[in-house]
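**Student:** What follows is entry36.cif, mmCIF, C-alpha atoms.
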data_entry
#
loop_
_atom_site.group_PDB
_atom_site.id
_atom_site.type_symbol
_atom_site.label_atom_id
_atom_site.label_comp_id
_atom_site.auth_asym_id
_atom_site.auth_seq_id
_atom_site.Cartn_x
_atom_site.Cartn_y
_atom_site.Cartn_z
ATOM 1 C CA MET S 1 160.886 65.819 61.559
ATOM 2 C CA LYS S 2 159.706 69.311 61.694
ATOM 3 C CA SER S 3 156.572 68.571 59.667
ATOM 4 C CA ALA S 4 155.595 65.568 61.855
ATOM 5 C CA ALA S 5 155.816 67.724 65.003
ATOM 6 C CA SER S 6 153.824 70.549 63.445
ATOM 7 C CA ARG S 7 151.196 68.080 62.174
ATOM 8 C CA GLN S 8 150.851 66.707 65.697
ATOM 9 C CA ALA S 9 150.554 70.226 67.098
ATOM 10 C CA ARG S 10 147.849 71.069 64.537
ATOM 11 C CA ARG S 11 145.934 67.917 65.509
ATOM 12 C CA ARG S 12 146.099 68.892 69.178
ATOM 13 C CA ILE S 13 144.875 72.411 68.411
ATOM 14 C CA ALA S 14 142.063 71.005 66.249
ATOM 15 C CA ALA S 15 141.091 68.497 68.970
ATOM 16 C CA GLY S 16 141.084 71.281 71.563
ATOM 17 C CA ALA S 17 138.979 73.523 69.323
ATOM 18 C CA LEU S 18 136.565 70.637 68.699
ATOM 19 C CA ALA S 19 136.285 69.944 72.454
ATOM 20 C CA LEU S 20 135.719 73.647 73.148
ATOM 21 C CA THR S 21 133.036 73.822 70.435
ATOM 22 C CA ALA S 22 131.313 70.724 71.842
ATOM 23 C CA ALA S 23 131.403 72.146 75.366
ATOM 24 C CA PHE S 24 129.948 75.451 74.171
ATOM 25 C CA GLY S 25 127.288 73.600 72.164
ATOM 26 C CA VAL S 26 126.149 71.750 75.275
ATOM 27 C CA THR S 27 126.087 74.847 77.497
ATOM 28 C CA GLY S 28 125.480 77.471 74.823
ATOM 29 C CA CYS S 29 121.904 78.322 75.782
ATOM 30 C CA SER S 30 122.674 79.025 79.416
ATOM 31 C CA ALA S 31 125.933 80.725 78.596
ATOM 32 C CA VAL S 32 124.248 83.530 76.658
ATOM 33 C CA SER S 33 120.712 83.504 78.132
ATOM 34 C CA PRO S 34 119.753 84.932 81.512
ATOM 35 C CA ILE S 35 118.770 82.408 84.165
ATOM 36 C CA ALA S 36 114.987 82.550 84.593
ATOM 37 C CA THR S 37 115.025 81.788 88.318
ATOM 38 C CA SER S 38 117.115 84.891 89.005
ATOM 39 C CA PHE S 39 114.223 87.211 88.012
ATOM 40 C CA ARG S 40 111.935 88.648 90.683
ATOM 41 C CA TYR S 41 108.294 87.926 89.976
ATOM 42 C CA HIS S 42 104.882 87.889 91.656
ATOM 43 C CA PRO S 43 104.169 84.258 92.551
ATOM 44 C CA SER S 44 100.395 84.691 92.567
ATOM 45 C CA ASP S 45 97.690 86.533 90.655
ATOM 46 C CA GLY S 46 98.147 89.816 92.523
ATOM 47 C CA VAL S 47 101.195 92.073 92.786
ATOM 48 C CA ASN S 48 103.563 92.901 95.636
ATOM 49 C CA LEU S 49 104.271 96.536 96.499
ATOM 50 C CA ASN S 50 106.881 97.960 98.868
ATOM 51 C CA PRO S 51 106.502 101.739 99.151
ATOM 52 C CA ILE S 52 108.463 101.673 102.421
ATOM 53 C CA PRO S 53 110.442 98.805 103.951
ATOM 54 C CA GLU S 54 108.224 98.648 107.041
ATOM 55 C CA VAL S 55 104.995 97.680 105.226
ATOM 56 C CA GLY S 56 104.529 94.886 102.728
ATOM 57 C CA PHE S 57 101.567 94.975 100.336
ATOM 58 C CA ARG S 58 101.229 91.341 99.212
ATOM 59 C CA ASN S 59 99.153 89.789 96.413
ATOM 60 C CA VAL S 60 97.153 92.987 95.854
ATOM 61 C CA ALA S 61 94.442 92.660 93.195
ATOM 62 C CA VAL S 62 90.849 93.681 92.547
ATOM 63 C CA VAL S 63 88.180 90.998 92.062
ATOM 64 C CA ALA S 64 85.416 92.552 89.971
ATOM 65 C CA THR S 65 82.048 91.919 88.391
ATOM 66 C CA GLU S 66 81.836 91.553 84.629
ATOM 67 C CA GLY S 67 80.882 94.520 82.443
ATOM 68 C CA ALA S 68 81.950 97.957 81.296
ATOM 69 C CA ASN S 69 81.952 99.702 84.703
ATOM 70 C CA PRO S 70 82.629 96.845 87.107
ATOM 71 C CA GLU S 71 82.348 97.006 90.854
ATOM 72 C CA GLY S 72 85.303 95.370 92.616
ATOM 73 C CA ARG S 73 86.706 94.267 95.948
ATOM 74 C CA LEU S 74 90.318 94.697 97.024
ATOM 75 C CA MET S 75 92.168 91.538 97.964
ATOM 76 C CA GLY S 76 95.620 90.823 99.328
ATOM 77 C CA SER S 77 97.309 91.479 102.642
ATOM 78 C CA LEU S 78 99.304 94.184 104.403
ATOM 79 C CA SER S 79 102.089 93.276 106.784
ATOM 80 C CA ASN S 80 103.683 95.562 109.364
ATOM 81 C CA ARG S 81 107.303 94.743 110.200
ATOM 82 C CA THR S 82 107.680 97.397 112.901
ATOM 83 C CA ASP S 83 106.996 97.671 116.630
ATOM 84 C CA ARG S 84 104.498 100.506 116.090
ATOM 85 C CA ASP S 85 101.033 100.660 114.534
ATOM 86 C CA LEU S 86 100.870 101.958 110.958
ATOM 87 C CA THR S 87 98.153 103.235 108.649
ATOM 88 C CA ALA S 88 98.005 102.330 104.973
ATOM 89 C CA THR S 89 95.881 103.849 102.238
ATOM 90 C CA LEU S 90 95.016 102.174 98.944
ATOM 91 C CA THR S 91 93.472 104.225 96.116
ATOM 92 C CA VAL S 92 91.840 102.574 93.094
ATOM 93 C CA ASN S 93 90.294 104.777 90.383
ATOM 94 C CA GLY S 94 89.768 107.676 92.810
ATOM 95 C CA THR S 95 88.309 105.593 95.656
ATOM 96 C CA SER S 96 90.542 105.485 98.762
ATOM 97 C CA PHE S 97 90.544 103.015 101.627
ATOM 98 C CA THR S 98 92.372 103.342 104.939
ATOM 99 C CA VAL S 99 93.615 100.227 106.737
ATOM 100 C CA ASP S 100 95.185 100.199 110.204
ATOM 101 C CA VAL S 101 97.935 97.595 110.497
ATOM 102 C CA PRO S 102 98.911 96.661 114.069
ATOM 103 C CA ALA S 103 102.591 96.375 115.039
ATOM 104 C CA ARG S 104 104.225 93.078 113.998
ATOM 105 C CA ASP S 105 100.974 91.860 112.458
ATOM 106 C CA ALA S 106 99.222 91.494 109.113
ATOM 107 C CA VAL S 107 95.775 92.401 107.843
ATOM 108 C CA ASN S 108 93.989 90.209 105.315
ATOM 109 C CA LEU S 109 91.990 92.523 103.024
ATOM 110 C CA GLU S 110 89.662 89.726 101.922
ATOM 111 C CA THR S 111 88.081 89.557 105.380
ATOM 112 C CA ARG S 112 86.888 93.167 105.217
ATOM 113 C CA ASP S 113 83.529 93.996 103.657
ATOM 114 C CA ASP S 114 84.191 97.743 103.343
ATOM 115 C CA LEU S 115 86.854 97.579 100.595
ATOM 116 C CA ILE S 116 84.445 97.781 97.635
ATOM 117 C CA VAL S 117 85.433 99.951 94.654
ATOM 118 C CA PRO S 118 82.195 101.272 93.055
ATOM 119 C CA ASN S 119 83.800 101.677 89.605
ATOM 120 C CA VAL S 120 87.124 99.902 89.078
ATOM 121 C CA GLY S 121 87.859 101.738 85.832
ATOM 122 C CA ALA S 122 89.060 98.591 84.048
ATOM 123 C CA ARG S 123 87.462 95.358 82.874
ATOM 124 C CA THR S 124 88.384 91.968 84.250
ATOM 125 C CA GLY S 125 91.620 90.784 82.694
ATOM 126 C CA GLU S 126 93.002 94.315 82.519
ATOM 127 C CA MET S 127 95.198 96.273 84.931
ATOM 128 C CA VAL S 128 94.171 99.286 87.014
ATOM 129 C CA ALA S 129 96.540 101.914 88.417
ATOM 130 C CA THR S 130 96.588 101.698 92.206
ATOM 131 C CA GLU S 131 98.326 104.044 94.628
ATOM 132 C CA VAL S 132 99.431 102.908 98.077
ATOM 133 C CA THR S 133 100.572 105.097 100.950
ATOM 134 C CA ALA S 134 101.982 103.920 104.270
ATOM 135 C CA ARG S 135 102.138 106.268 107.265
ATOM 136 C CA GLY S 136 103.960 105.684 110.511
ATOM 137 C CA ALA S 137 106.096 107.467 113.089
ATOM 138 C CA GLN S 138 108.843 108.087 110.521
ATOM 139 C CA GLY S 139 106.498 109.846 108.064
ATOM 140 C CA SER S 140 104.814 108.546 104.948
ATOM 141 C CA SER S 141 105.753 107.164 101.592
ATOM 142 C CA THR S 142 103.708 106.575 98.448
ATOM 143 C CA GLY S 143 104.078 104.121 95.615
ATOM 144 C CA SER S 144 101.965 102.953 92.718
ATOM 145 C CA ALA S 145 101.581 99.935 90.503
ATOM 146 C CA ASP S 146 99.276 98.439 87.945
ATOM 147 C CA VAL S 147 97.120 95.906 89.768
ATOM 148 C CA PRO S 148 95.300 93.062 87.983
ATOM 149 C CA VAL S 149 91.504 93.032 87.808
ATOM 150 C CA LEU S 150 90.361 89.444 88.302
ATOM 151 C CA SER S 151 86.966 87.853 87.755
ATOM 152 C CA GLY S 152 85.194 85.289 89.886
ATOM 153 C CA THR S 153 85.658 82.580 87.267
ATOM 154 C CA LEU S 154 88.092 80.733 89.525
ATOM 155 C CA PRO S 155 86.411 79.232 92.592
ATOM 156 C CA GLU S 156 88.977 80.733 94.987
ATOM 157 C CA TYR S 157 87.906 84.251 93.955
ATOM 158 C CA ARG S 158 84.184 83.673 93.485
ATOM 159 C CA HIS S 159 83.278 84.625 97.076
ATOM 160 C CA LEU S 160 85.125 87.949 96.675
ATOM 161 C CA VAL S 161 83.029 89.245 93.760
ATOM 162 C CA PRO S 162 80.838 92.085 95.097
ATOM 163 C CA GLY S 163 77.196 91.073 95.354
ATOM 164 C CA GLU S 164 78.147 87.384 95.086
ATOM 165 C CA ALA S 165 79.061 86.027 91.685
ATOM 166 C CA ASP S 166 76.534 84.114 89.623
ATOM 167 C CA ALA S 167 78.421 80.910 88.835
ATOM 168 C CA SER S 168 76.396 80.257 85.661
ATOM 169 C CA GLN S 169 77.427 83.610 84.182
ATOM 170 C CA LEU S 170 81.065 83.184 85.151
ATOM 171 C CA THR S 171 81.507 79.823 83.454
ATOM 172 C CA GLU S 172 78.999 80.228 80.623
ATOM 173 C CA HIS S 173 81.759 80.914 78.087
ATOM 174 C CA LEU S 174 83.243 77.474 78.796
ATOM 175 C CA TYR S 175 80.164 75.620 77.565
ATOM 176 C CA GLN S 176 79.058 77.516 74.481
ATOM 177 C CA GLU S 177 77.944 75.478 71.498
ATOM 178 C CA THR S 178 80.413 75.455 68.639
ATOM 179 C CA ALA S 179 79.266 75.841 65.059
ATOM 180 C CA HIS S 180 79.253 72.620 63.057
ATOM 181 C CA TYR S 181 80.440 72.814 59.499
ATOM 182 C CA GLY S 182 79.234 70.603 56.685
ATOM 183 C CA THR S 183 81.589 68.168 55.011
ATOM 184 C CA GLU S 184 81.931 70.340 51.939
ATOM 185 C CA GLY S 185 84.380 73.216 52.267
ATOM 186 C CA GLY S 186 84.427 73.136 56.077
ATOM 187 C CA HIS S 187 87.436 72.739 58.295
#
I need this file expressed as structure tokens, please.

**Tutor:**
Amino acid sequence: MKSAASRQARRRIAAGALALTAAFGVTGCSAVSPIATSFRYHPSDGVNLNPIPEVGFRNVAVVATEGANPEGRLMGSLSNRTDRDLTATLTVNGTSFTVDVPARDAVNLETRDDLIVPNVGARTGEMVATEVTARGAQGSSTGSADVPVLSGTLPEYRHLVPGEADASQLTEHLYQETAHYGTEGGH
């Protein structure tokens, strides 16, 4: 009798272990991997900066010409969450720009023609160190981040390229002829 009861107990333990293994196998990936939607990220091509809680720097990037020493235009927006006017400064590769942000309002940088960086210091596709400072009644605070340097290849950025982008140069790489190989030894 004792062996029949212990055999039944072993079967129950084995069935439980098998059920536990199956449950872990089904949920194993999410049980040991972090959930991707819990990570903070920049939902656009630019970056978000928050040097002080009162001012939000949103989707900040530089849209630049092609070449070794590209000229670029700042894009993005600055939002003021306070009841007082604030001043923000953005510095890219030694060139600083001051932007006044009215109380409870936002400023779209793309609408300003004076935010041209004469030498971005990075090629399109790279990142450039950018410093931001926000000043208000409570003092000032500074932060920095690497900001992407974008080209005018995408139509939504084409109008932001300083000196107007030449569409044929921006998309030329998409239409280059490919080399044709002979049937012998070619891939």

**Student:** Out of S:Asn69, S:Ser151, S:Gln138, S:Ser79, which residue has the shortest atom-to-atom distance to S:Val120 when counting all atoms listed in the file?

**Tutor:**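 Of S:Asn69, S:Ser151, S:Gln138, S:Ser79, the one nearest S:Val120 is S:Asn69, counting all atoms listed in the file.
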
**Student:** Please identify all polymer residues lying at most 12 Å from the point (102.1, 99.3, 117.3) (file coordinates), using only C-alpha atoms, and present the result as number ranges by chain.

**Tutor:** S: 54, 80-87, 100-106, 136-137

**Student:** Please report the interatomic distance between atom CA of S:Asp114 and atom CA of S:Ser144 in Å with one decimal.

**Tutor:**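 Here the two named atoms are 21.4 Å from each other.
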
**Student:** Quick one: apply the PyMOL selection byres ((chain S and resi 92) around 10) to the file and drop the selected residues here as number ranges by chain.

**Tutor:** S: 62, 72, 74, 90-91, 93-97, 116-121, 128-132, 146-147

**Student:** Rounded to one decimal place, report the atom CA of S:Pro70-atom CA of S:Arg123 distance in Å.

**Tutor:**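 Taking atom CA of S:Pro70 as the start and atom CA of S:Arg123 as the end point, the length is 6.6 Å.
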
**Student:** Go through stretch 47-84 of chain S residue by residue and, counting only C-alpha atoms, keep those with an atom at most 7 Å from stretch 153-162 of chain S; for each kept residue give the shortest atom pair and its distance in Å to one decimal, ordered by chain and increasing number, as CSV.

**Tutor:**
residue,atom,partner,partner_atom,distance
S:Val63,CA,S:Val161,CA,5.7
S:Ala64,CA,S:Val161,CA,5.6
S:Thr65,CA,S:Val161,CA,6.1
S:Glu71,CA,S:Pro162,CA,6.7
S:Gly72,CA,S:Pro162,CA,6.1
S:Arg73,CA,S:Pro162,CA,6.3

**Student:** Excluding S:Arg58 and residues on its chain fewer than 3 positions from it, collect all residues at most 10 Å away from it, counting only C-alpha atoms, and give them as a list in words.

**Tutor:**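 In the requested form, the answer reads His42, Ser44, Gly46, Val47, Asn48, Leu49, Asn50, Val55, Ala61, Met75, Gly76, Ser77, Leu78, Ser79 and Asn108 of chain S.
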
**Student:** Between atom CA of S:Ala145 and atom CA of S:Pro53, what is the spacing in Å?

**Tutor:**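 Rounded to one decimal, the two atoms are 16.1 Å apart.
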
**Student:** Keeping C-alpha atoms, write stretch 76-104 of chain S of the structure just shown out as a short mmCIF file (atom, residue, chain, number, x, y, z; two decimals), in the first residue's frame.

**Tutor:**
data_model
loop_
_atom_site.label_atom_id
_atom_site.label_comp_id
_atom_site.auth_asym_id
_atom_site.auth_seq_id
_atom_site.Cartn_x
_atom_site.Cartn_y
_atom_site.Cartn_z
CA GLY S 76 12.12 71.43 -32.60
CA SER S 77 10.03 73.36 -30.11
CA LEU S 78 10.33 74.93 -26.67
CA SER S 79 7.40 74.91 -24.28
CA ASN S 80 6.99 77.10 -21.20
CA ARG S 81 4.87 75.56 -18.44
CA THR S 82 4.98 78.60 -16.15
CA ASP S 83 3.01 81.82 -15.72
CA ARG S 84 6.09 83.95 -16.46
CA ASP S 85 8.14 84.57 -19.61
CA LEU S 86 11.38 82.60 -19.89
CA THR S 87 14.51 82.81 -22.01
CA ALA S 88 16.22 79.75 -23.43
CA THR S 89 19.64 79.46 -25.04
CA LEU S 90 20.75 76.67 -27.36
CA THR S 91 24.44 76.28 -28.23
CA VAL S 92 25.61 74.08 -31.12
CA ASN S 93 29.34 73.85 -31.89
CA GLY S 94 30.05 77.24 -30.28
CA THR S 95 27.14 79.10 -31.91
CA SER S 96 24.49 80.26 -29.41
CA PHE S 97 20.88 81.24 -30.02
CA THR S 98 18.52 82.94 -27.59
CA VAL S 99 14.79 82.23 -27.74
CA ASP S 100 12.15 84.02 -25.67
CA VAL S 101 9.32 81.69 -24.66
CA PRO S 102 6.12 83.42 -23.52
CA ALA S 103 4.29 82.21 -20.40
CA ARG S 104 2.11 79.11 -20.97
#
